[in-house]
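Here's the structure we're looking at; comments come further down.
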Amino acid sequence: MKKTNKQTQPAYRPIPVVSADVNVGLRMQEVVLRSKNGLRNVTPASNTRSEKQIIKENVFTFFNLIFIVLAAALLIVGSFKNMTFLLVAIANTVIGIFQETRAKRAVDKLTLVTTGSLFVMRDGQRIKLRTDQLVRDDIVEFAAGDQICADAVVRAGQLQVNESLLTGEADAIIKNPGDVLKSGSFVISGRGRAQLTHVGAESYAAKLAQEARRDVRSTKSDMMDSLTKLITVVGIILIPVGIMLFLRQYLSSGLNLPLKDSIEATVAALIGMIPEGLYLLTSVAIAVSCLKLTKSRVLVQDMNCIETLAHVDVLCVDKTGTITEPTMEVADVFPLQTERFSYQDIENILSAFYTGEEAENDTARAMSEQFSGRTTWTAVRRIPFSSSTKWSGADFGENGRYVVGAPEFIMGAYYDTIRENAEPWSARGCRVLLLAGYEKPLEPSLDCSAVTPIALIYLNNLVRPDAPDTFKYFAQQGVRVCVISGDNPVTVSEVAARACIEHADRYVDATTLQSDKDFDDAVQRYTVFGRVTPEQKRKLVHAFQQAGHIVAMTGDGVNDVLALKDANCGIAMASGSQAASQVAQIVLTDSQFSAMPSIVAEGRRVINNIQRAASLFLVKNIFSLVFTLVLLFVGFPFPLQAIQMSLISALTIGIPSFFLALEPNYAKVSGRFLRNVIRKAMPGGLTNIILVLLAAFLSDMFKCPEDLSTMAMWIVASVGFMTLFYVSQPFTKLRVAVFAVMLALMIGALTVMPSFFEVQAIHTPCLLTLIILILACPTLMYFFRLIFDNQMRRHDLRMAAKELRPKRRRRSK
């Protein structure tokens, strides 16, 4: 009798493909059958790491392995109290697991809430379901803005599809019945029903994602990349330097320390080199930040964007849904051919144009609500609206052919004939549409000479109440706001002015921008860009980036997807198209643009505080590494014990850094992360090295080398508190409290339990020397701070001068 393996995957039986009626869809028993046999559209992987991965990555680290090896060495020689660094390592690991798991659960919960939904036919009923509730063979309805959630075949209707997320090509592709739809692409325009053919892990997009997942960690932010490089360098140096230091102290004729003393000194030096809490602090701070944003209904889909937000200096926004309310209303209709078309004729045409058609965007919804009268006309052909052409059309057979859209695009060279009736309304901030007759058969390309203007329709957009205050905030923070819209530039400029966007009167029609140089010049001169196509939005983002800016892009429509994808940080409104939410790094689940200041502020807070805390960690690392290298050539043992290094690390670095990392700090971030951190850490590290070396030479000169460990303990602790004093400025009540408590704990530990921390009474000459060295600490550190600050100032001046010089840019063809 064969034994069964309980861990094997369930054996699903094959389910034959059925061609369901496009108006009926699958029966419920067919849906249940497919669900039970693994044919649901459930993707196998989450955007976040699993809890098992989080635990594994926090426990099984290189430095945790080093800690275990060092603890084992101390255990062998019976130096038990010097193993207290394990408590810090365990605490770091537990805190990291707890915070990352907590953030993961919150993000996963919000991700489920924001999962896309589509209309599907089931038992003849048109119902809306989440995409993960769909099954193979379902008849799903796709419209403009929807992302294709699984591989499918078009069964009815016509769609214009963009496959740029899969192929990199931005051109729209027409999909007719019988054509294949690839998951991961999105619908630009049109409406149709398709039958799902491959779902879940079997879909095209899922297979691509699985392949790409191998390199998921290759694109780290500057901060995480810098930390990874730093830790890699330390890891490479650590082992050979540790071995050489041990051999030098144990076998050198000048030192010849006992085995126990040699191991204790080596362990103390290596612990000082390891930035054990720095990487953890960074991960925890970012995880806490994501959790904080999640509670504000902001979904962070890429944790690296937290750092990007801190550096953003250009914010590109769309007009509709960002500056203005997403809904529109028809304000007026202005007939242009009163002798041929009365108000009733115009209303009849527009009713036929919009009645029975599912609205594809906010403009179409407003028109459908206004013109919803009964009609007997039937469209024999329709051309769906496209962001690139900016018009839609319908052929009603003997009743005529008509187009509706942007007047400039429909009239082309003949626009001047209606300009005086259109632009005054645009200047008032209205969206202007043109209804026109068309004398030729409808095709995707329009012959402007065959157009007969019939009426202008004016639509209103209300500015969001919170928009002015939001844009004033960005102006105060030195973030330039630019409006990129497909609407008339005059209209957009007026709306931008009402929203208190600085320099809103500087506008340009994007149809006049042709070459790369035009785009480069435009981003320097203009604030408002109108009549922008989706591809031009992307070009404008690239032009800002070429000019050295860090760009955040907000949007909610299909026409924003390409720009959202290529911006340094894409921010989508959840109320907009599903495709926009899929490609953005951040999704505003409540679609409230007023959340933007808090998002940018959160990014700045995290990065500023991590930079501040990181400088605390590196002071100890710089001292331990450089001092150990010096000891390979001089006849001194490493002066500190592991227990002493653990105490100093906990009270001057570990505990204060976690308080500092969670404080408000909204100043604009500038410069490179590692350069900023090293500049702040070097004065403390160099001060430590010089003063401890002086203590070593003087204790040897005074014939009391046994006092060196206690002297070094007090010196390194003093420098640690001096560094903490500098990075805590300007002082707040919390910072004063943290500094005072840590200082009291340090003094208490060294005076109440001196023997436990290997602190002993020292001889009078060494005591006087120690007092002088501690008093010299502030002056010496101030001297080094002046040197590094001046060096940084000169560097900033050189960079500023370089920015003022004309740039020669090379563009890829």
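The chains in the structure tokens are called A, B, ... from first to last as shown; in each chain the residues are counted from 1, and the ligands are counted from 1 in the order shown.
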Report task. Select from range 18-99 of chain A everything DSSP, run on the backbone, classes as helix (DSSP H, G or I), then give the selection as a ChimeraX atom specification. Result -> /A:28-36,51-59,62-76,81-99
Proximity of range 438-520 of chain A to range 358-377 of chain A: per-residue shortest pair, 12 Å limit, only C-alpha atoms, as CSV:
residue,atom,partner,partner_atom,distance
A:Ile457,CA,A:Met367,CA,9.2
A:Tyr458,CA,A:Met367,CA,10.3
A:Leu459,CA,A:Thr363,CA,8.0
A:Asn460,CA,A:Ala366,CA,9.6
A:Asn461,CA,A:Thr363,CA,9.9
A:Asp487,CA,A:Thr363,CA,11.4
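Of the residues under consideration (A:Gln641, A:Gln477, A:Ser35, A:Ser117), A:Gln641 shows the shortest atom-to-atom contact distance to Leu74 in chain A when counting only C-alpha atoms.
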Query raised in the report: What does the distance between CA of Leu629 in chain A and CA of Ala614 in chain A come to in Å, to one decimal place?
Result: 22.4 Å
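The residue set within 9 Å of Val298 in chain A, counting only C-alpha atoms and dropping same-chain residues fewer than 4 places from it, reads A:Leu110, A:Cys290, A:Lys292, A:Leu293, A:Thr294, A:Ile586, A:Val587, A:Leu588, A:Thr589, A:Asp590, A:Ala595, A:Ile599.
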Keeping N, CA and C atoms, export the residues of the selection given above as a tab-separated table (two decimals), in the first residue's frame.
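Below is the file that was written, again-v2.tsv:
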chain	number	residue	atom	x	y	z
A	110	LEU	N	-4.65	46.79	3.53
A	110	LEU	CA	-5.04	47.92	2.69
A	110	LEU	C	-4.96	47.54	1.21
A	290	CYS	N	5.76	53.44	6.73
A	290	CYS	CA	4.73	52.83	5.87
A	290	CYS	C	3.47	52.54	6.68
A	292	LYS	N	2.49	54.12	9.39
A	292	LYS	CA	1.88	55.40	9.71
A	292	LYS	C	1.07	55.93	8.53
A	293	LEU	N	1.62	55.82	7.31
A	293	LEU	CA	0.92	56.27	6.13
A	293	LEU	C	-0.31	55.40	5.85
A	294	THR	N	-0.17	54.10	6.14
A	294	THR	CA	-1.29	53.19	5.93
A	294	THR	C	-2.49	53.60	6.78
A	586	ILE	N	2.79	54.87	-4.84
A	586	ILE	CA	1.92	55.26	-3.73
A	586	ILE	C	0.50	55.43	-4.27
A	587	VAL	N	-0.47	54.92	-3.53
A	587	VAL	CA	-1.88	55.06	-3.92
A	587	VAL	C	-2.62	55.76	-2.78
A	588	LEU	N	-3.28	56.87	-3.10
A	588	LEU	CA	-4.11	57.57	-2.12
A	588	LEU	C	-5.48	56.90	-2.14
A	589	THR	N	-5.73	56.02	-1.18
A	589	THR	CA	-6.93	55.20	-1.22
A	589	THR	C	-8.20	56.00	-1.00
A	590	ASP	N	-8.08	57.17	-0.36
A	590	ASP	CA	-9.24	58.05	-0.21
A	590	ASP	C	-9.28	59.12	-1.30
A	595	ALA	N	-3.61	64.87	1.25
A	595	ALA	CA	-2.70	63.99	1.99
A	595	ALA	C	-1.25	64.15	1.54
A	599	ILE	N	2.56	63.15	3.23
A	599	ILE	CA	3.37	62.09	2.62
A	599	ILE	C	4.80	62.57	2.41
Set out as a Markdown table a contact list for range 515-575 of chain A and range 322-337 of chain A with a cut-off of 12 Å, giving each residue of range 515-575 of chain A that qualifies its closest atom pair and distance in Å to one decimal, counting only C-alpha atoms, ordered by chain and rising residue number.
| residue | atom | partner | partner_atom | distance |
| --- | --- | --- | --- | --- |
| A:Met553 | CA | A:Thr322 | CA | 10.8 |
| A:Thr554 | CA | A:Thr322 | CA | 7.5 |
| A:Gly555 | CA | A:Thr322 | CA | 6.9 |
| A:Asp556 | CA | A:Thr322 | CA | 7.9 |
| A:Gly557 | CA | A:Pro326 | CA | 10.5 |
| A:Asp560 | CA | A:Thr322 | CA | 11.8 |
| A:Ile571 | CA | A:Thr322 | CA | 10.7 |
| A:Ala572 | CA | A:Thr322 | CA | 9.6 |
| A:Met573 | CA | A:Thr322 | CA | 8.2 |
| A:Ala574 | CA | A:Thr322 | CA | 11.6 |
| A:Ser575 | CA | A:Pro326 | CA | 8.6 |
Using all heavy atoms, can you export the residues from the last selection as a PDB file, in the first residue's frame?
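Saved the output as part-v1.pdb:
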ATOM      1  N   MET A 553       4.993  62.492  -9.582  1.00  0.00           N
ATOM      2  CA  MET A 553       3.891  62.702 -10.521  1.00  0.00           C
ATOM      3  C   MET A 553       2.604  62.162  -9.901  1.00  0.00           C
ATOM      4  O   MET A 553       2.577  61.032  -9.418  1.00  0.00           O
ATOM      5  CB  MET A 553       4.181  61.969 -11.829  1.00  0.00           C
ATOM      6  CG  MET A 553       3.039  61.953 -12.832  1.00  0.00           C
ATOM      7  SD  MET A 553       2.895  63.517 -13.728  1.00  0.00           S
ATOM      8  CE  MET A 553       1.258  63.333 -14.457  1.00  0.00           C
ATOM      9  N   THR A 554       1.563  62.980  -9.897  1.00  0.00           N
ATOM     10  CA  THR A 554       0.270  62.503  -9.418  1.00  0.00           C
ATOM     11  C   THR A 554      -0.697  62.422 -10.594  1.00  0.00           C
ATOM     12  O   THR A 554      -0.609  63.211 -11.539  1.00  0.00           O
ATOM     13  CB  THR A 554      -0.330  63.446  -8.353  1.00  0.00           C
ATOM     14  OG1 THR A 554      -0.692  64.681  -8.959  1.00  0.00           O
ATOM     15  CG2 THR A 554       0.666  63.705  -7.238  1.00  0.00           C
ATOM     16  N   GLY A 555      -1.605  61.475 -10.540  1.00  0.00           N
ATOM     17  CA  GLY A 555      -2.590  61.332 -11.599  1.00  0.00           C
ATOM     18  C   GLY A 555      -3.602  60.267 -11.249  1.00  0.00           C
ATOM     19  O   GLY A 555      -3.435  59.522 -10.285  1.00  0.00           O
ATOM     20  N   ASP A 556      -4.644  60.200 -12.067  1.00  0.00           N
ATOM     21  CA  ASP A 556      -5.673  59.207 -11.796  1.00  0.00           C
ATOM     22  C   ASP A 556      -6.203  58.546 -13.060  1.00  0.00           C
ATOM     23  O   ASP A 556      -7.025  57.633 -12.980  1.00  0.00           O
ATOM     24  CB  ASP A 556      -6.841  59.833 -11.029  1.00  0.00           C
ATOM     25  CG  ASP A 556      -7.571  60.901 -11.848  1.00  0.00           C
ATOM     26  OD1 ASP A 556      -7.034  61.310 -12.902  1.00  0.00           O
ATOM     27  OD2 ASP A 556      -8.669  61.315 -11.445  1.00  0.00           O
ATOM     28  N   GLY A 557      -5.745  58.977 -14.215  1.00  0.00           N
ATOM     29  CA  GLY A 557      -6.296  58.460 -15.461  1.00  0.00           C
ATOM     30  C   GLY A 557      -5.329  57.597 -16.235  1.00  0.00           C
ATOM     31  O   GLY A 557      -4.136  57.531 -15.931  1.00  0.00           O
ATOM     32  N   ASP A 560      -2.292  59.206 -17.605  1.00  0.00           N
ATOM     33  CA  ASP A 560      -1.199  59.511 -16.678  1.00  0.00           C
ATOM     34  C   ASP A 560      -0.252  58.333 -16.467  1.00  0.00           C
ATOM     35  O   ASP A 560       0.802  58.496 -15.847  1.00  0.00           O
ATOM     36  CB  ASP A 560      -1.766  59.912 -15.300  1.00  0.00           C
ATOM     37  CG  ASP A 560      -2.669  61.125 -15.381  1.00  0.00           C
ATOM     38  OD1 ASP A 560      -2.304  62.084 -16.082  1.00  0.00           O
ATOM     39  OD2 ASP A 560      -3.742  61.110 -14.753  1.00  0.00           O
ATOM     40  N   ILE A 571       2.306  58.761  -7.894  1.00  0.00           N
ATOM     41  CA  ILE A 571       1.273  58.790  -6.860  1.00  0.00           C
ATOM     42  C   ILE A 571      -0.086  58.798  -7.549  1.00  0.00           C
ATOM     43  O   ILE A 571      -0.394  59.718  -8.307  1.00  0.00           O
ATOM     44  CB  ILE A 571       1.421  60.035  -5.965  1.00  0.00           C
ATOM     45  CG1 ILE A 571       2.823  60.059  -5.336  1.00  0.00           C
ATOM     46  CG2 ILE A 571       0.347  60.074  -4.895  1.00  0.00           C
ATOM     47  CD1 ILE A 571       3.228  61.397  -4.796  1.00  0.00           C
ATOM     48  N   ALA A 572      -0.889  57.769  -7.303  1.00  0.00           N
ATOM     49  CA  ALA A 572      -2.168  57.619  -7.990  1.00  0.00           C
ATOM     50  C   ALA A 572      -3.334  57.798  -7.032  1.00  0.00           C
ATOM     51  O   ALA A 572      -3.234  57.503  -5.837  1.00  0.00           O
ATOM     52  CB  ALA A 572      -2.261  56.245  -8.649  1.00  0.00           C
ATOM     53  N   MET A 573      -4.440  58.295  -7.579  1.00  0.00           N
ATOM     54  CA  MET A 573      -5.700  58.383  -6.844  1.00  0.00           C
ATOM     55  C   MET A 573      -6.457  57.070  -7.035  1.00  0.00           C
ATOM     56  O   MET A 573      -6.680  56.641  -8.168  1.00  0.00           O
ATOM     57  CB  MET A 573      -6.553  59.542  -7.364  1.00  0.00           C
ATOM     58  CG  MET A 573      -5.835  60.870  -7.396  1.00  0.00           C
ATOM     59  SD  MET A 573      -5.589  61.541  -5.751  1.00  0.00           S
ATOM     60  CE  MET A 573      -4.707  63.055  -6.148  1.00  0.00           C
ATOM     61  N   ALA A 574      -6.867  56.444  -5.955  1.00  0.00           N
ATOM     62  CA  ALA A 574      -7.546  55.149  -6.056  1.00  0.00           C
ATOM     63  C   ALA A 574      -8.881  55.255  -6.780  1.00  0.00           C
ATOM     64  O   ALA A 574      -9.357  54.277  -7.359  1.00  0.00           O
ATOM     65  CB  ALA A 574      -7.758  54.549  -4.669  1.00  0.00           C
ATOM     66  N   SER A 575      -9.496  56.457  -6.771  1.00  0.00           N
ATOM     67  CA  SER A 575     -10.782  56.631  -7.446  1.00  0.00           C
ATOM     68  C   SER A 575     -10.634  56.681  -8.950  1.00  0.00           C
ATOM     69  O   SER A 575     -11.613  56.630  -9.675  1.00  0.00           O
ATOM     70  CB  SER A 575     -11.458  57.920  -6.963  1.00  0.00           C
ATOM     71  OG  SER A 575     -10.651  59.043  -7.283  1.00  0.00           O
TER      72      SER A 575
END
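Distances here use only C-alpha atoms; by that measure, the residue among A:Val551, A:Val481, A:Leu640, A:Val432 closest to Ala265 in chain A is A:Leu640.
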Requested in this report: Compile the contact shell of Trp714 in chain A as a PyMOL selection string: residues with an atom at most 12 Å away, counting only C-alpha atoms, same-chain residues fewer than 6 positions apart removed.
Outcome: chain A and resi 639-640+644-645+647-648+688+691-692+695+707-708+720-721+746-747+749-751+754+757-760+762+767+769-775+777
Could the residues in this selection be written to a file with N, CA, C and O atoms, as a short mmCIF file (atom, residue, chain, number, x, y, z; two decimals), in the first residue's frame?
data_model
loop_
_atom_site.label_atom_id
_atom_site.label_comp_id
_atom_site.auth_asym_id
_atom_site.auth_seq_id
_atom_site.Cartn_x
_atom_site.Cartn_y
_atom_site.Cartn_z
N PRO A 639 41.98 48.57 24.10
CA PRO A 639 41.80 48.98 25.49
C PRO A 639 40.44 48.68 26.10
O PRO A 639 40.29 48.77 27.32
N LEU A 640 39.44 48.39 25.30
CA LEU A 640 38.08 48.25 25.82
C LEU A 640 37.65 46.79 25.86
O LEU A 640 38.08 45.97 25.06
N GLN A 644 32.04 46.79 28.02
CA GLN A 644 32.11 48.25 27.99
C GLN A 644 31.57 48.80 26.67
O GLN A 644 30.83 49.79 26.65
N MET A 645 31.94 48.16 25.56
CA MET A 645 31.45 48.59 24.25
C MET A 645 29.93 48.46 24.17
O MET A 645 29.24 49.31 23.59
N LEU A 647 27.80 48.68 26.69
CA LEU A 647 27.20 49.75 27.50
C LEU A 647 27.22 51.08 26.74
O LEU A 647 26.21 51.78 26.68
N ILE A 648 28.37 51.42 26.17
CA ILE A 648 28.50 52.68 25.42
C ILE A 648 27.54 52.69 24.22
O ILE A 648 26.86 53.69 23.95
N ASN A 688 37.89 60.37 19.15
CA ASN A 688 38.10 59.14 19.91
C ASN A 688 39.49 58.56 19.67
O ASN A 688 40.21 58.20 20.61
N LEU A 691 42.36 60.87 21.23
CA LEU A 691 42.39 60.91 22.69
C LEU A 691 42.73 59.55 23.30
O LEU A 691 43.47 59.48 24.30
N VAL A 692 42.23 58.47 22.73
CA VAL A 692 42.56 57.14 23.28
C VAL A 692 44.01 56.79 23.02
O VAL A 692 44.69 56.18 23.88
N ALA A 695 45.91 58.63 25.56
CA ALA A 695 45.76 57.95 26.85
C ALA A 695 46.66 56.72 26.92
O ALA A 695 47.28 56.44 27.97
N ASP A 707 45.59 51.01 33.79
CA ASP A 707 44.55 52.03 33.87
C ASP A 707 43.95 52.38 32.50
O ASP A 707 42.96 53.12 32.42
N LEU A 708 44.59 51.88 31.43
CA LEU A 708 44.18 52.29 30.09
C LEU A 708 42.72 51.93 29.79
O LEU A 708 41.98 52.72 29.19
N GLY A 720 30.98 59.93 22.91
CA GLY A 720 29.64 59.48 22.51
C GLY A 720 28.57 60.47 22.93
O GLY A 720 27.66 60.78 22.15
N PHE A 721 28.68 60.99 24.16
CA PHE A 721 27.68 61.95 24.62
C PHE A 721 27.85 63.31 23.96
O PHE A 721 26.87 64.02 23.73
N MET A 746 24.56 56.19 32.39
CA MET A 746 25.98 55.93 32.18
C MET A 746 26.78 56.19 33.46
O MET A 746 27.60 55.36 33.88
N ILE A 747 26.55 57.36 34.06
CA ILE A 747 27.26 57.69 35.29
C ILE A 747 26.93 56.68 36.39
O ILE A 747 27.81 56.22 37.14
N ALA A 749 25.96 53.53 36.00
CA ALA A 749 26.56 52.23 35.70
C ALA A 749 28.04 52.21 36.05
O ALA A 749 28.55 51.22 36.61
N LEU A 750 28.76 53.30 35.76
CA LEU A 750 30.20 53.33 35.99
C LEU A 750 30.57 53.58 37.45
O LEU A 750 31.70 53.28 37.86
N THR A 751 29.64 54.16 38.21
CA THR A 751 29.96 54.44 39.61
C THR A 751 29.33 53.44 40.57
O THR A 751 29.91 53.12 41.61
N PRO A 754 30.98 49.45 39.13
CA PRO A 754 32.24 49.56 38.38
C PRO A 754 32.89 48.22 38.08
O PRO A 754 33.44 48.02 36.99
N PHE A 757 31.49 46.35 35.02
CA PHE A 757 31.89 46.92 33.73
C PHE A 757 33.41 47.10 33.62
O PHE A 757 33.89 47.83 32.75
N GLU A 758 34.15 46.40 34.48
CA GLU A 758 35.63 46.41 34.44
C GLU A 758 36.19 47.81 34.59
O GLU A 758 37.20 48.16 33.99
N VAL A 759 35.54 48.64 35.43
CA VAL A 759 36.04 49.99 35.71
C VAL A 759 36.69 49.96 37.08
O VAL A 759 36.09 49.51 38.05
N GLN A 760 37.93 50.46 37.13
CA GLN A 760 38.67 50.39 38.39
C GLN A 760 39.23 51.77 38.75
O GLN A 760 39.29 52.67 37.91
N ILE A 762 41.89 54.48 39.31
CA ILE A 762 43.15 54.67 38.56
C ILE A 762 44.10 55.56 39.35
O ILE A 762 43.69 56.33 40.22
N LEU A 767 44.69 59.73 36.37
CA LEU A 767 43.42 60.40 36.64
C LEU A 767 43.47 61.84 36.15
O LEU A 767 42.52 62.32 35.51
N THR A 769 45.46 62.97 33.87
CA THR A 769 45.52 62.89 32.40
C THR A 769 44.13 62.69 31.82
O THR A 769 43.76 63.32 30.83
N LEU A 770 43.36 61.81 32.45
CA LEU A 770 42.01 61.53 31.98
C LEU A 770 41.14 62.79 32.03
O LEU A 770 40.40 63.09 31.07
N ILE A 771 41.24 63.54 33.12
CA ILE A 771 40.44 64.77 33.26
C ILE A 771 40.79 65.76 32.15
O ILE A 771 39.91 66.37 31.52
N ILE A 772 42.11 65.91 31.90
CA ILE A 772 42.54 66.85 30.85
C ILE A 772 42.03 66.40 29.48
O ILE A 772 41.56 67.22 28.69
N LEU A 773 42.13 65.11 29.21
CA LEU A 773 41.68 64.59 27.90
C LEU A 773 40.17 64.77 27.72
O LEU A 773 39.70 65.11 26.63
N ILE A 774 39.40 64.54 28.77
CA ILE A 774 37.94 64.71 28.66
C ILE A 774 37.59 66.19 28.46
O ILE A 774 36.70 66.53 27.67
N LEU A 775 38.32 67.09 29.18
CA LEU A 775 38.09 68.52 28.99
C LEU A 775 38.48 68.98 27.59
O LEU A 775 37.91 69.94 27.05
N CYS A 777 38.08 67.22 24.95
CA CYS A 777 37.17 66.57 23.98
C CYS A 777 36.31 67.55 23.19
O CYS A 777 36.28 67.50 21.96
#
Requested in this report: For range 380-389 of chain A, please output as a list in words all residues within 8 Å (counting only C-alpha atoms; exclusion window: fewer than 6 positions along the same chain).
Outcome: Ile188, Ser189, Gly190, Asp395, Phe396, Gly397, Phe409, Leu442, Glu443, Pro444, Gly486, Thr533, Pro534 and Asn559 of chain A
Requested in this report: Might you pull out every residue within 6 Å of range 310-312 of chain A, with only C-alpha atoms counted and same-chain residues fewer than 5 positions away left off, and present them as a list in words?
Outcome: Ile550, Val551, Gly603, Arg604 and Val669 of chain A
Write out the residues from the selection above, keeping N, CA and C atoms, as a tab-separated table (two decimals), in the first residue's frame.
chain	number	residue	atom	x	y	z
A	550	ILE	N	14.26	65.83	-9.02
A	550	ILE	CA	13.61	64.62	-8.54
A	550	ILE	C	12.11	64.84	-8.66
A	551	VAL	N	11.45	64.03	-9.47
A	551	VAL	CA	10.08	64.33	-9.88
A	551	VAL	C	9.08	63.35	-9.26
A	603	GLY	N	8.35	61.38	4.35
A	603	GLY	CA	9.59	60.98	3.71
A	603	GLY	C	10.78	61.76	4.25
A	604	ARG	N	10.61	63.07	4.39
A	604	ARG	CA	11.69	63.90	4.91
A	604	ARG	C	12.01	63.54	6.36
A	669	VAL	N	15.67	67.55	2.39
A	669	VAL	CA	16.87	66.70	2.38
A	669	VAL	C	17.73	67.08	1.19
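For range 728-743 of chain A, the residues within 10 Å (counting only C-alpha atoms, excluding itself and residues fewer than 4 positions away along the chain) are Arg612, Ala613, Ile648, Ala650, Leu651, Thr652, Ile653, Ile655, Pro656, Ser657, Phe659, Leu660, Glu663, Ala717, Ser718, Phe721, Met722, Thr723, Leu724, Ile747, Gly748 and Ala749 of chain A.
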Report task. Could you check which of A:Ile346, A:Val180, A:Ala642, A:Val490 is closest to Ser426 in chain A, using only C-alpha atoms? Result -> A:Val490
Report summary line: From CA of Asp151 in chain A to CA of Ala580 in chain A the spacing works out at 19.2 Å
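Shortest separation to Val199 in chain A among A:Asp132, A:Asp789, A:Asp123, A:Asp261 occurs at residue A:Asp132, atoms counted being only C-alpha atoms.
Using only C-alpha atoms, the nearest neighbour of Asp313 in chain A within the list A:His549, A:Lys56, A:Arg605, A:Arg675 is A:His549.
Of the listed residues (A:Val120, A:Ile97, A:Leu278, A:Val241), A:Val120 comes nearest to Val22 in chain A; the distances count only C-alpha atoms.
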Query raised in the report: When you draw a straight line from CA of Ala543 in chain A to CA of Asp518 in chain A, how long is it in Å?
Result: 9.6 Å
